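The data block below is structure_15.pdb; it holds PDB, C-alpha atoms.
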```pdb
ATOM      1  CA  MET A   1      -1.172  41.960  12.677
ATOM      2  CA  LEU A   2      -0.362  38.435  11.656
ATOM      3  CA  LEU A   3      -2.776  37.076  14.227
ATOM      4  CA  ILE A   4      -5.550  39.443  13.129
ATOM      5  CA  GLN A   5      -5.071  38.341   9.534
ATOM      6  CA  ASN A   6      -5.036  34.752  10.545
ATOM      7  CA  SER A   7      -8.182  35.087  12.569
ATOM      8  CA  ALA A   8      -9.930  36.709   9.576
ATOM      9  CA  ILE A   9      -8.935  33.735   7.451
ATOM     10  CA  ALA A  10      -9.906  31.383  10.238
ATOM     11  CA  ASP A  11     -13.328  33.031  10.521
ATOM     12  CA  ALA A  12     -13.900  32.569   6.817
ATOM     13  CA  LEU A  13     -12.837  28.933   7.023
ATOM     14  CA  ASN A  14     -14.949  28.339  10.097
ATOM     15  CA  SER A  15     -18.023  30.074   8.651
ATOM     16  CA  SER A  16     -19.272  26.766   7.323
ATOM     17  CA  GLU A  17     -19.082  23.565   9.311
ATOM     18  CA  TRP A  18     -18.359  21.678   6.077
ATOM     19  CA  VAL A  19     -15.144  23.441   4.980
ATOM     20  CA  PHE A  20     -12.871  21.571   7.387
ATOM     21  CA  PRO A  21     -14.284  18.046   6.849
ATOM     22  CA  ILE A  22     -14.265  18.447   3.062
ATOM     23  CA  ALA A  23     -10.702  19.784   3.071
ATOM     24  CA  GLU A  24      -9.774  16.801   5.253
ATOM     25  CA  CYS A  25     -11.357  14.347   2.794
ATOM     26  CA  PHE A  26      -9.295  15.859  -0.020
ATOM     27  CA  HIS A  27      -6.221  15.729   2.217
ATOM     28  CA  ILE A  28      -6.671  12.046   3.070
ATOM     29  CA  ALA A  29      -7.723  10.842  -0.386
ATOM     30  CA  ALA A  30      -4.775  12.720  -1.911
ATOM     31  CA  PHE A  31      -2.201  11.416   0.581
ATOM     32  CA  ALA A  32      -3.460   7.893  -0.068
ATOM     33  CA  TRP A  33      -2.926   8.639  -3.746
ATOM     34  CA  SER A  34       0.511  10.278  -3.528
ATOM     35  CA  ILE A  35       2.152   8.341  -0.696
ATOM     36  CA  GLY A  36       0.623   5.169  -2.119
ATOM     37  CA  LEU A  37       2.309   5.763  -5.457
ATOM     38  CA  ILE A  38       5.637   6.558  -3.761
ATOM     39  CA  ALA A  39       5.255   3.306  -1.797
ATOM     40  CA  LEU A  40       4.784   1.498  -5.105
ATOM     41  CA  VAL A  41       8.262   2.682  -6.162
ATOM     42  CA  ASP A  42       9.589   1.523  -2.773
ATOM     43  CA  TYR A  43       8.102  -1.945  -3.299
ATOM     44  CA  ARG A  44       9.830  -2.114  -6.658
ATOM     45  CA  LEU A  45      13.113  -1.121  -4.963
ATOM     46  CA  PHE A  46      12.558  -4.114  -2.647
ATOM     47  CA  GLY A  47      11.906  -6.283  -5.712
ATOM     48  CA  PHE A  48       8.138  -6.643  -5.191
ATOM     49  CA  GLY A  49       5.152  -5.226  -7.008
ATOM     50  CA  VAL A  50       4.648  -4.600 -10.712
ATOM     51  CA  GLN A  51       6.179  -7.607 -12.446
ATOM     52  CA  HIS A  52       9.048  -7.505 -14.958
ATOM     53  CA  SER A  53       9.557  -3.755 -14.532
ATOM     54  CA  LYS A  54      12.585  -1.743 -13.471
ATOM     55  CA  PRO A  55      12.229   0.688 -10.553
ATOM     56  CA  SER A  56      12.944   3.512 -13.017
ATOM     57  CA  GLU A  57       9.903   2.564 -15.095
ATOM     58  CA  VAL A  58       7.574   2.608 -12.086
ATOM     59  CA  ALA A  59       9.149   5.842 -10.829
ATOM     60  CA  ARG A  60       8.726   7.569 -14.210
ATOM     61  CA  ALA A  61       5.182   6.309 -14.737
ATOM     62  CA  THR A  62       3.984   7.375 -11.285
ATOM     63  CA  ALA A  63       5.883  10.696 -11.026
ATOM     64  CA  PRO A  64       3.248  12.997 -12.614
ATOM     65  CA  TRP A  65       0.412  11.327 -10.675
ATOM     66  CA  THR A  66       2.361  11.508  -7.425
ATOM     67  CA  LEU A  67       2.965  15.211  -8.028
ATOM     68  CA  LEU A  68      -0.748  15.756  -8.664
ATOM     69  CA  GLY A  69      -1.589  14.034  -5.358
ATOM     70  CA  LEU A  70       1.072  15.986  -3.462
ATOM     71  CA  ALA A  71      -0.274  19.235  -4.922
ATOM     72  CA  VAL A  72      -3.766  18.477  -3.567
ATOM     73  CA  VAL A  73      -2.285  17.473  -0.189
ATOM     74  CA  LEU A  74      -0.199  20.651   0.000
ATOM     75  CA  LEU A  75      -3.174  22.829  -0.954
ATOM     76  CA  SER A  76      -5.680  21.227   1.427
ATOM     77  CA  GLY A  77      -3.197  21.063   4.327
ATOM     78  CA  PRO A  78      -2.881  24.856   4.786
ATOM     79  CA  VAL A  79      -6.700  25.154   4.757
ATOM     80  CA  LEU A  80      -6.778  22.857   7.784
ATOM     81  CA  PHE A  81      -3.856  24.679   9.393
ATOM     82  CA  LEU A  82      -5.278  28.184   8.904
ATOM     83  CA  SER A  83      -8.562  27.246  10.559
ATOM     84  CA  ASP A  84      -6.794  27.152  13.937
ATOM     85  CA  VAL A  85      -3.207  28.407  13.589
ATOM     86  CA  ARG A  86      -2.509  28.808  17.291
ATOM     87  CA  MET A  87      -3.590  25.276  18.188
ATOM     88  CA  TYR A  88      -1.440  23.755  15.439
ATOM     89  CA  LEU A  89       1.656  25.796  16.298
ATOM     90  CA  HIS A  90       1.496  24.636  19.892
ATOM     91  CA  ASN A  91       0.827  21.024  18.983
ATOM     92  CA  PRO A  92       3.975  18.842  19.270
ATOM     93  CA  SER A  93       2.620  16.201  16.879
ATOM     94  CA  PHE A  94       2.003  18.903  14.279
ATOM     95  CA  ARG A  95       5.589  20.134  14.567
ATOM     96  CA  PHE A  96       6.879  16.580  14.317
ATOM     97  CA  LYS A  97       4.739  16.084  11.230
ATOM     98  CA  MET A  98       6.079  19.245   9.558
ATOM     99  CA  TYR A  99       9.708  18.222  10.126
ATOM    100  CA  ALA A 100       9.004  14.674   8.926
ATOM    101  CA  LEU A 101       7.151  16.055   5.895
ATOM    102  CA  ALA A 102       9.981  18.415   4.948
ATOM    103  CA  ILE A 103      12.542  15.609   5.211
ATOM    104  CA  ALA A 104      10.275  13.150   3.359
ATOM    105  CA  ILE A 105       9.697  15.525   0.413
ATOM    106  CA  LEU A 106      13.387  16.450   0.270
ATOM    107  CA  PHE A 107      14.407  12.789   0.402
ATOM    108  CA  ASN A 108      11.832  11.847  -2.217
ATOM    109  CA  TYR A 109      13.042  14.327  -4.805
ATOM    110  CA  THR A 110      16.771  13.838  -4.189
ATOM    111  CA  ILE A 111      18.172  10.501  -3.013
ATOM    112  CA  HIS A 112      14.990   8.459  -3.578
ATOM    113  CA  ARG A 113      14.553   9.811  -7.085
ATOM    114  CA  LYS A 114      18.203   9.289  -7.961
ATOM    115  CA  VAL A 115      18.289   5.672  -6.769
ATOM    116  CA  ALA A 116      14.885   4.826  -8.277
ATOM    117  CA  LEU A 117      15.876   6.212 -11.668
ATOM    118  CA  SER A 118      19.314   4.587 -11.801
ATOM    119  CA  ASP A 119      18.743   0.892 -12.289
ATOM    120  CA  SER A 120      22.390   0.167 -11.482
ATOM    121  CA  SER A 121      22.287   0.761  -7.699
ATOM    122  CA  SER A 122      23.215  -2.212  -5.517
ATOM    123  CA  ALA A 123      20.485  -4.222  -3.805
ATOM    124  CA  GLY A 124      21.581  -2.908  -0.405
ATOM    125  CA  VAL A 125      21.240   0.727  -1.469
ATOM    126  CA  ARG A 126      17.844   0.073  -3.060
ATOM    127  CA  VAL A 127      16.396  -1.672  -0.021
ATOM    128  CA  THR A 128      17.761   0.977   2.356
ATOM    129  CA  VAL A 129      16.393   3.853   0.300
ATOM    130  CA  GLY A 130      13.000   2.123  -0.049
ATOM    131  CA  ALA A 131      12.829   1.462   3.689
ATOM    132  CA  VAL A 132      13.823   5.030   4.641
ATOM    133  CA  SER A 133      11.213   6.396   2.231
ATOM    134  CA  LEU A 134       8.445   4.197   3.692
ATOM    135  CA  LEU A 135       9.439   5.039   7.275
ATOM    136  CA  LEU A 136       9.498   8.772   6.579
ATOM    137  CA  TRP A 137       6.029   8.765   5.029
ATOM    138  CA  ILE A 138       4.613   6.539   7.767
ATOM    139  CA  SER A 139       5.993   9.056  10.303
ATOM    140  CA  VAL A 140       4.162  11.839   8.484
ATOM    141  CA  VAL A 141       0.846   9.944   8.650
ATOM    142  CA  PHE A 142       1.289   9.011  12.322
ATOM    143  CA  GLY A 143       2.261  12.609  13.164
ATOM    144  CA  GLY A 144      -0.830  13.869  11.379
ATOM    145  CA  LEU A 145      -3.192  11.566  13.202
ATOM    146  CA  PHE A 146      -1.663  12.199  16.614
ATOM    147  CA  ILE A 147      -2.387  15.948  16.251
ATOM    148  CA  ALA A 148      -5.926  15.044  17.300
ATOM    149  CA  PHE A 149      -4.744  13.116  20.366
ATOM    150  CA  ASP A 150      -2.283  15.632  21.836
TER     151      ASP A 150
ATOM    152  CA  MET B  14     -30.920  -7.219  16.768
ATOM    153  CA  ILE B  15     -27.917  -5.526  15.126
ATOM    154  CA  LEU B  16     -27.675  -3.192  18.106
ATOM    155  CA  GLU B  17     -27.635  -6.158  20.481
ATOM    156  CA  PHE B  18     -24.848  -7.740  18.479
ATOM    157  CA  PHE B  19     -22.898  -4.457  18.529
ATOM    158  CA  ARG B  20     -23.404  -4.258  22.297
ATOM    159  CA  TRP B  21     -22.041  -7.757  22.720
ATOM    160  CA  VAL B  22     -19.000  -7.070  20.477
ATOM    161  CA  GLN B  23     -18.144  -3.934  22.410
ATOM    162  CA  SER B  24     -18.455  -5.758  25.755
ATOM    163  CA  THR B  25     -15.967  -8.532  24.915
ATOM    164  CA  ASP B  26     -12.724  -8.387  26.925
ATOM    165  CA  PHE B  27     -10.669  -7.765  23.801
ATOM    166  CA  MET B  28     -12.695  -4.762  22.617
ATOM    167  CA  THR B  29     -13.001  -3.369  26.146
ATOM    168  CA  GLY B  30      -9.223  -3.549  26.441
ATOM    169  CA  ILE B  31      -8.726  -1.504  23.279
ATOM    170  CA  ARG B  32     -11.280   1.091  24.380
ATOM    171  CA  GLU B  33      -9.880   1.526  27.852
ATOM    172  CA  SER B  34      -6.187   1.630  27.014
ATOM    173  CA  GLY B  35      -5.043   5.175  26.228
ATOM    174  CA  LEU B  36      -2.529   4.730  23.415
ATOM    175  CA  THR B  37      -3.867   1.567  21.790
ATOM    176  CA  TYR B  38      -6.751   3.294  20.042
ATOM    177  CA  PRO B  39      -4.742   6.082  18.339
ATOM    178  CA  ILE B  40      -2.042   3.585  17.349
ATOM    179  CA  ILE B  41      -4.607   1.293  15.705
ATOM    180  CA  LEU B  42      -6.170   4.332  14.034
ATOM    181  CA  SER B  43      -2.772   5.506  12.749
ATOM    182  CA  THR B  44      -2.027   2.021  11.431
ATOM    183  CA  HIS B  45      -5.413   1.972   9.688
ATOM    184  CA  LEU B  46      -4.557   5.318   8.078
ATOM    185  CA  THR B  47      -1.010   4.247   7.233
ATOM    186  CA  CYS B  48      -2.429   1.229   5.410
ATOM    187  CA  ILE B  49      -4.460   3.630   3.277
ATOM    188  CA  ALA B  50      -1.216   5.397   2.426
ATOM    189  CA  ILE B  51       1.048   2.448   1.725
ATOM    190  CA  PHE B  52      -1.502   0.108   0.138
ATOM    191  CA  GLY B  53      -3.793   2.691  -1.491
ATOM    192  CA  GLY B  54      -1.255   3.155  -4.281
ATOM    193  CA  LEU B  55      -1.722  -0.483  -5.314
ATOM    194  CA  ILE B  56      -5.369   0.240  -6.099
ATOM    195  CA  VAL B  57      -4.601   3.616  -7.706
ATOM    196  CA  ILE B  58      -1.939   2.241 -10.082
ATOM    197  CA  THR B  59      -4.103  -0.765 -11.041
ATOM    198  CA  ASP B  60      -7.009   1.573 -11.853
ATOM    199  CA  LEU B  61      -4.781   4.000 -13.763
ATOM    200  CA  ARG B  62      -3.368   1.090 -15.773
ATOM    201  CA  LEU B  63      -6.858  -0.223 -16.544
ATOM    202  CA  LEU B  64      -7.801   3.267 -17.716
ATOM    203  CA  GLY B  65      -4.665   3.397 -19.866
ATOM    204  CA  ALA B  66      -3.354   6.431 -17.963
ATOM    205  CA  ALA B  67      -0.093   5.070 -16.510
ATOM    206  CA  LEU B  68       2.477   2.305 -17.037
ATOM    207  CA  THR B  69       1.062   1.643 -20.499
ATOM    208  CA  HIS B  70       4.370   0.175 -21.669
ATOM    209  CA  ARG B  71       3.817  -2.643 -19.138
ATOM    210  CA  THR B  72       1.081  -5.204 -19.697
ATOM    211  CA  ILE B  73      -2.063  -5.094 -17.554
ATOM    212  CA  ALA B  74      -1.164  -8.649 -16.504
ATOM    213  CA  ASP B  75       2.191  -7.483 -15.068
ATOM    214  CA  VAL B  76       0.427  -4.862 -12.958
ATOM    215  CA  VAL B  77      -2.603  -6.908 -11.847
ATOM    216  CA  ASN B  78      -0.730 -10.159 -11.154
ATOM    217  CA  GLY B  79       2.226  -8.446  -9.500
ATOM    218  CA  LEU B  80       0.045  -6.522  -7.055
ATOM    219  CA  ARG B  81      -2.707  -9.057  -6.336
ATOM    220  CA  TRP B  82      -1.266 -10.548  -3.129
ATOM    221  CA  TRP B  83      -0.053  -7.188  -1.841
ATOM    222  CA  LYS B  84      -3.544  -5.799  -2.197
ATOM    223  CA  ARG B  85      -4.931  -8.769  -0.309
ATOM    224  CA  LEU B  86      -2.367  -8.369   2.479
ATOM    225  CA  GLY B  87      -3.085  -4.639   2.738
ATOM    226  CA  PHE B  88      -6.832  -5.257   2.776
ATOM    227  CA  LEU B  89      -6.454  -7.864   5.532
ATOM    228  CA  ILE B  90      -4.428  -5.546   7.800
ATOM    229  CA  MET B  91      -6.700  -2.591   7.077
ATOM    230  CA  VAL B  92      -9.899  -4.538   7.790
ATOM    231  CA  SER B  93      -8.452  -6.058  10.994
ATOM    232  CA  MET B  94      -7.648  -2.562  12.263
ATOM    233  CA  GLY B  95     -11.074  -1.331  11.139
ATOM    234  CA  ILE B  96     -12.884  -4.099  13.028
ATOM    235  CA  MET B  97     -10.957  -3.202  16.195
ATOM    236  CA  LEU B  98     -11.758   0.513  15.780
ATOM    237  CA  ALA B  99     -15.459   0.019  15.127
ATOM    238  CA  GLY B 100     -15.805  -2.961  17.474
ATOM    239  CA  SER B 101     -14.375  -1.233  20.515
ATOM    240  CA  LYS B 102     -16.910   1.595  20.124
ATOM    241  CA  ALA B 103     -19.642  -0.393  18.376
ATOM    242  CA  VAL B 104     -22.574   1.147  20.244
ATOM    243  CA  ASP B 105     -21.380   4.661  19.301
ATOM    244  CA  TYR B 106     -20.959   3.593  15.683
ATOM    245  CA  TYR B 107     -24.439   2.089  15.454
ATOM    246  CA  PRO B 108     -26.407   5.373  15.077
ATOM    247  CA  ASN B 109     -23.661   7.026  12.972
ATOM    248  CA  PRO B 110     -24.954   7.534   9.397
ATOM    249  CA  TYR B 111     -21.427   7.933   7.997
ATOM    250  CA  PHE B 112     -20.438   4.528   9.389
ATOM    251  CA  TRP B 113     -23.316   2.931   7.451
ATOM    252  CA  THR B 114     -22.414   5.026   4.383
ATOM    253  CA  LYS B 115     -18.908   3.599   4.590
ATOM    254  CA  MET B 116     -20.237   0.059   5.016
ATOM    255  CA  SER B 117     -22.473   0.598   1.963
ATOM    256  CA  PHE B 118     -19.483   1.741  -0.085
ATOM    257  CA  LEU B 119     -17.556  -1.351   1.080
ATOM    258  CA  PHE B 120     -20.500  -3.521   0.038
ATOM    259  CA  LEU B 121     -20.378  -1.862  -3.401
ATOM    260  CA  VAL B 122     -16.630  -2.608  -3.500
ATOM    261  CA  PHE B 123     -17.509  -6.252  -2.824
ATOM    262  CA  LEU B 124     -20.097  -6.210  -5.647
ATOM    263  CA  HIS B 125     -17.530  -4.536  -7.916
ATOM    264  CA  ALA B 126     -15.128  -7.396  -7.231
ATOM    265  CA  MET B 127     -17.811 -10.024  -7.873
ATOM    266  CA  ILE B 128     -18.849  -8.373 -11.145
ATOM    267  CA  PHE B 129     -15.429  -7.568 -12.585
ATOM    268  CA  ARG B 130     -13.308 -10.410 -11.252
ATOM    269  CA  PRO B 131     -14.334 -12.961 -13.913
ATOM    270  CA  SER B 132     -14.069 -10.539 -16.854
ATOM    271  CA  VAL B 133     -11.207  -8.249 -15.783
ATOM    272  CA  TYR B 134      -9.028  -9.095 -12.776
ATOM    273  CA  ASN B 135      -8.786 -12.863 -13.154
ATOM    274  CA  HIS B 136      -7.852 -12.775 -16.843
ATOM    275  CA  PRO B 137      -5.717  -9.676 -17.409
ATOM    276  CA  GLU B 138      -3.830 -11.357 -20.278
ATOM    277  CA  LYS B 139      -7.082 -11.378 -22.267
ATOM    278  CA  LEU B 140      -7.261  -7.606 -21.857
ATOM    279  CA  ASP B 141      -3.668  -7.306 -23.098
ATOM    280  CA  ALA B 142      -4.559  -9.361 -26.205
ATOM    281  CA  SER B 143      -7.104  -6.753 -27.241
ATOM    282  CA  PRO B 144      -5.711  -3.871 -29.380
ATOM    283  CA  LEU B 145      -7.580  -1.273 -27.299
ATOM    284  CA  ILE B 146      -8.296  -1.524 -23.582
ATOM    285  CA  PRO B 147     -11.816  -3.029 -23.420
ATOM    286  CA  THR B 148     -14.576  -0.810 -22.026
ATOM    287  CA  ARG B 149     -15.267  -3.254 -19.179
ATOM    288  CA  ALA B 150     -11.683  -2.809 -17.934
ATOM    289  CA  LYS B 151     -11.936   0.981 -18.062
ATOM    290  CA  ALA B 152     -15.290   0.846 -16.299
ATOM    291  CA  ALA B 153     -13.785  -1.371 -13.588
ATOM    292  CA  GLY B 154     -10.896   1.074 -13.074
ATOM    293  CA  ALA B 155     -13.061   4.199 -12.971
ATOM    294  CA  LEU B 156     -15.660   2.672 -10.642
ATOM    295  CA  SER B 157     -12.941   1.357  -8.330
ATOM    296  CA  LEU B 158     -11.436   4.855  -7.971
ATOM    297  CA  ILE B 159     -14.851   6.374  -7.231
ATOM    298  CA  LEU B 160     -15.867   3.684  -4.718
ATOM    299  CA  TRP B 161     -12.591   3.744  -2.778
ATOM    300  CA  THR B 162     -12.663   7.558  -2.603
ATOM    301  CA  GLY B 163     -16.166   7.180  -1.172
ATOM    302  CA  VAL B 164     -14.901   4.695   1.420
ATOM    303  CA  VAL B 165     -12.099   7.042   2.523
ATOM    304  CA  CYS B 166     -14.312  10.150   2.710
ATOM    305  CA  ALA B 167     -17.186   8.435   4.517
ATOM    306  CA  GLY B 168     -14.603   6.925   6.885
ATOM    307  CA  ARG B 169     -13.285  10.349   7.809
ATOM    308  CA  LEU B 170     -16.763  11.795   8.262
ATOM    309  CA  ILE B 171     -17.555   9.135  10.900
ATOM    310  CA  GLY B 172     -15.564  11.300  13.292
ATOM    311  CA  TYR B 173     -17.803  14.315  12.695
ATOM    312  CA  TYR B 174     -21.136  12.816  13.663
ATOM    313  CA  GLU B 175     -22.605  14.137  16.880
ATOM    314  CA  PRO B 176     -25.438  12.059  18.291
ATOM    315  CA  PRO B 177     -28.578  14.062  19.139
ATOM    316  CA  GLN B 178     -28.955  14.893  22.822
ATOM    317  CA  PRO B 179     -31.366  12.567  24.603
ATOM    318  CA  ARG B 180     -34.732  14.340  24.832
ATOM    319  CA  ALA B 181     -35.196  13.890  28.577
ATOM    320  CA  ARG B 182     -31.892  15.602  29.271
ATOM    321  CA  ALA B 183     -32.674  18.484  26.917
ATOM    322  CA  VAL B 184     -35.934  19.111  28.757
ATOM    323  CA  ALA B 185     -34.166  19.059  32.097
ATOM    324  CA  VAL B 186     -31.624  21.615  30.842
ATOM    325  CA  ASN B 187     -34.379  23.893  29.551
ATOM    326  CA  ARG B 188     -35.993  24.006  32.965
TER     327      ARG B 188
END
```

Please go through the file and, once you have read it, give me the structure as structure tokens.
Amino acid sequence: MLLIQNSAIADALNSSEWVFPIAECFHIAAFAWSIGLIALVDYRLFGFGVQHSKPSEVARATAPWTLLGLAVVLLSGPVLFLSDVRMYLHNPSFRFKMYALAIAILFNYTIHRKVALSDSSSAGVRVTVGAVSLLLWISVVFGGLFIAFD
Amino acid sequence: MILEFFRWVQSTDFMTGIRESGLTYPIILSTHLTCIAIFGGLIVITDLRLLGAALTHRTIADVVNGLRWWKRLGFLIMVSMGIMLAGSKAVDYYPNPYFWTKMSFLFLVFLHAMIFRPSVYNHPEKLDASPLIPTRAKAAGALSLILWTGVVCAGRLIGYYEPPQPRARAVAVNR
């Protein structure tokens, strides 16, 4: 039943050759937007980037825009996924990406957010949290690209 | 003449090496894409600040001056990866309309920089001195967002182009 449903959705998505590429453009432009803004907070945790500002200021200013980008990413992603569910489920890079994504989002809205908003964390904690955040998001991007090469 | 140049680029040892090694190409491609992710935000926040949509309690000078060298570093890495990607398959890229669309967008980005650098990016403190964000700064921010989105989308579409089958072969198949 699930597979029949999925194939109906897949047929609809595959009815035009432009649905997938356009969804992908949204996906990429929006991850550049959202991950890029998260990276900006990471740079501030390292002490680089927007001058004279506290990490909490950058985190607060970017938060709504980051959320907007993530929303577009998380809406366009399933469109790509549903076009060929079976291929994605059997793709090891896709699975890696999903785990990395879940951890990255969880980390972003818990530890990362807490450290970025408290300007009293020690330099060591800030740098570690910034580095973990960058590494997690880079893993997500690499995982996503390698889906095509598996 | 351009095609000959592309042929020569692709045939160099360096580009041949990239093309023929299995993992090198996807790793360079992933790095190219990762650069979009970790440096793209520098452009987005600068544009949002110029538009007055984010970080408005910080001066434009703090944003533009603080990010200038990071943007340049990101651009350098991204372009190096891009040259390796296009160069190792230059002859395939030559007939690809999306590749030339992307190059046109990049040329417009270059023009954007030439036009707005003297009045916006090189003197952000002058923008901060004005009570309202000047129109030229907002125009620079909006155009930058549009042009870079164009670069990213055209870049992705490069992968979707299928060259037409050579006519001789099509005839042979029909027989």

**Message:** Could you tell me which residues of chain A sit within 8 Å of chain B when counting all atoms listed in the file, and give me the result as a ChimeraX atom specification?
**Reply:** /A:21,24-25,28-29,31-40,48-53,57-58,61-62,134,138,141-142,145-146,149

**Request:** Could you please give me, as a PyMOL selection string, the residues of protein, DNA or RNA lying at most 12 Å from (0.2, 22.2, 0.6) in the coordinate frame of the file, considering all atoms listed in the file?
**Result:** chain A and resi 23+26-27+30-31+67-82+98+101-102+105

**Request:** On this file, the PyMOL selection byres ((chain A and resi 96) around 12) gives some set of residues; write that set as a list in words.
**Result:**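 With the PyMOL selection byres ((chain A and resi 96) around 12) on this model, the match is Tyr88, Leu89, His90, Asn91, Pro92, Ser93, Phe94, Arg95, Lys97, Met98, Tyr99, Ala100, Leu101, Ala102, Ile103, Ala104, Leu136, Ser139, Val140, Val141, Phe142, Gly143, Gly144, Leu145, Phe146, Ile147 and Asp150 of chain A.
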
**Point-to-point distance in Å for CA of Ile111 (chain A) and CA of Ala131 (chain A)** =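 One can read the CA of Ala131 (chain A) to CA of Ile111 (chain A) distance as 12.5 Å.
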
Using the file's own x, y and z axes, so that the box edges lie along x, y and z, what centre and edge lengths in Å (one decimal) does a box around every listed atom of region 23-27 of chain A get when 3 Å is added on each side? Give it as lines of an AutoDock Vina configuration file.
```
center_x = -8.8
center_y = 17.1
center_z = 2.6
size_x = 11.1
size_y = 11.4
size_z = 11.3
```
